[in-house]
Amino acid sequence: MTLRSPLGQVLGLGAAKDGVSHWWAQRLSAVALVPLTLWFLVSVVRLDAADFSAAHVWLSAPVHAVGALLLVVVLCVHSRLGLQVVVEDYVHQPGAKLVTLVAIDFAHVLVVAIGAFAILKVAFGAAP
Amino acid sequence: MYTMVLSISHRITGIVLSVGLIPLVYWLVSLASGTAAYALAVERLRSPLLQLLLLGWLFSFFFHLANGIRHLAWDCGFGFERKQARASGWAVFILATLLTVLCVLWVLQLRGAPV
């Protein structure tokens with residue numbers, strides 16, 4: 001039992017109730033991705049990527065492994081939030097919208113799991 | 001540059017970059033799977049089609065990065081006048097193109113290919 005009026009309970013919640021947190025998470029992940037993506041791009045270009053041992057040694061260094069983990073996780077967070085907005089804006093049929101959003105969620109969790117597993121396997125595995 | 005062109009381009013490059021998660025994870029998985037898998041991955045990624053796609057991802061990345069910073073500036077309340085928004089739009093396009101060209105030249109130089 002609450003003494004708040006029905007109007008008072010919903011004021012400020014908005015249609016989706018969590019719009020600001022979505023907006024904020026999108027910006028925070030964007031800011032984090034500026035250094036993460038640039039670091040990763042420069043590192044991979046500087047690496048002789050065709051050389052398995054060189055790439056393996058690079059990724060197995062703790063700092064690089066943690067950086068790569070952060071990159072994969074934050075990329076997926078940012079990508080998921082961005083694709084969600086695009087789907088919500090352009091897919092109007094409710095059933096198709098739900099199916100697409102669920103598929104996007106599953107795909108991103110899968111990418112994080114596979115990417116993280118690969119990075120950790122390299123980081124904790126024996127040197128080649 | 002018209003802001004509407006930049007706006008839809010931000011979304012399109014964003015979708016393109018989301019698809020780019022697949023080759024990124026593929027590269028990581030191949031690195032975790034040993035020398036044979038990695039050699040195959042490098043061979044595939046160096047195929048003409050993939051090199052072309054990687055070029056597209058590279059431009060998309062620089063475009064989305066530059067335009068994303070433009071969006072963050074807007075979020076902070078800067079650059080909203082039409083003239084400023086169009087000028088920054090051109091700046092984003094030129095910067096993204098320039099960074100893509102420089103990055104490609106850098107890669108070619110490191111590979112020892114004639115530039």
# chains A, B, ... in the order shown; residues from 1 in each chain; ligands from 1
>>> interface_residues(of="chain A", to="chain B", cutoff="6 Å", atoms="only C-alpha atoms", output="number ranges by chain")
A: 79, 115, 118, 122
>>> write_last_selection(atoms="N, CA and C atoms", output="short mmCIF file (atom, residue, chain, number, x, y, z; two decimals), in the first residue's frame")
data_model
loop_
_atom_site.label_atom_id
_atom_site.label_comp_id
_atom_site.auth_asym_id
_atom_site.auth_seq_id
_atom_site.Cartn_x
_atom_site.Cartn_y
_atom_site.Cartn_z
N SER A 79 28.18 -2.11 -29.33
CA SER A 79 27.54 -2.62 -30.54
C SER A 79 26.09 -3.04 -30.25
N GLY A 115 35.27 -14.75 -27.70
CA GLY A 115 36.43 -13.87 -27.70
C GLY A 115 37.21 -13.96 -26.39
N ALA A 118 39.06 -17.29 -26.08
CA ALA A 118 40.25 -17.34 -26.93
C ALA A 118 41.40 -16.54 -26.31
N VAL A 122 44.99 -18.12 -24.80
CA VAL A 122 46.32 -17.67 -25.21
C VAL A 122 47.10 -17.19 -23.99
#
>>> residues_around(residues="Val73 (chain A)", least_positions_apart="3", cutoff="9 Å", atoms="only C-alpha atoms", output="count of residues only")
10
>>> closest_residue(among="B:Gly89, B:Gly77, B:Gly56, B:Gly112", to="Thr13 (chain B)", atoms="only C-alpha atoms")
B:Gly56
>>> residues_around(residues="Val16 (chain B)", least_positions_apart="4", cutoff="8 Å", atoms="only C-alpha atoms", output="VMD selection string")
chain B and resid 12 20 57 60
>>> closest_residue(among="A:Val102, A:Val85, A:Leu38, A:His64", to="Leu99 (chain B)", atoms="only C-alpha atoms")
A:Leu38
>>> atom_distance(atom1="CA of Ala123 (chain A)", atom2="CA of Asp48 (chain A)")
18.6 Å
>>> atom_distance(atom1="CA of Ile94 (chain B)", atom2="CA of Arg82 (chain B)")
18.5 Å
>>> select_by_dssp(residues="chain A", states="alpha helix (DSSP H)", output="PyMOL selection string")
chain A and resi 6-10+19-46+52-60+62-90+94-124
>>> atom_distance(atom1="CA of Val10 (chain A)", atom2="CA of Lys97 (chain A)")
25.4 Å
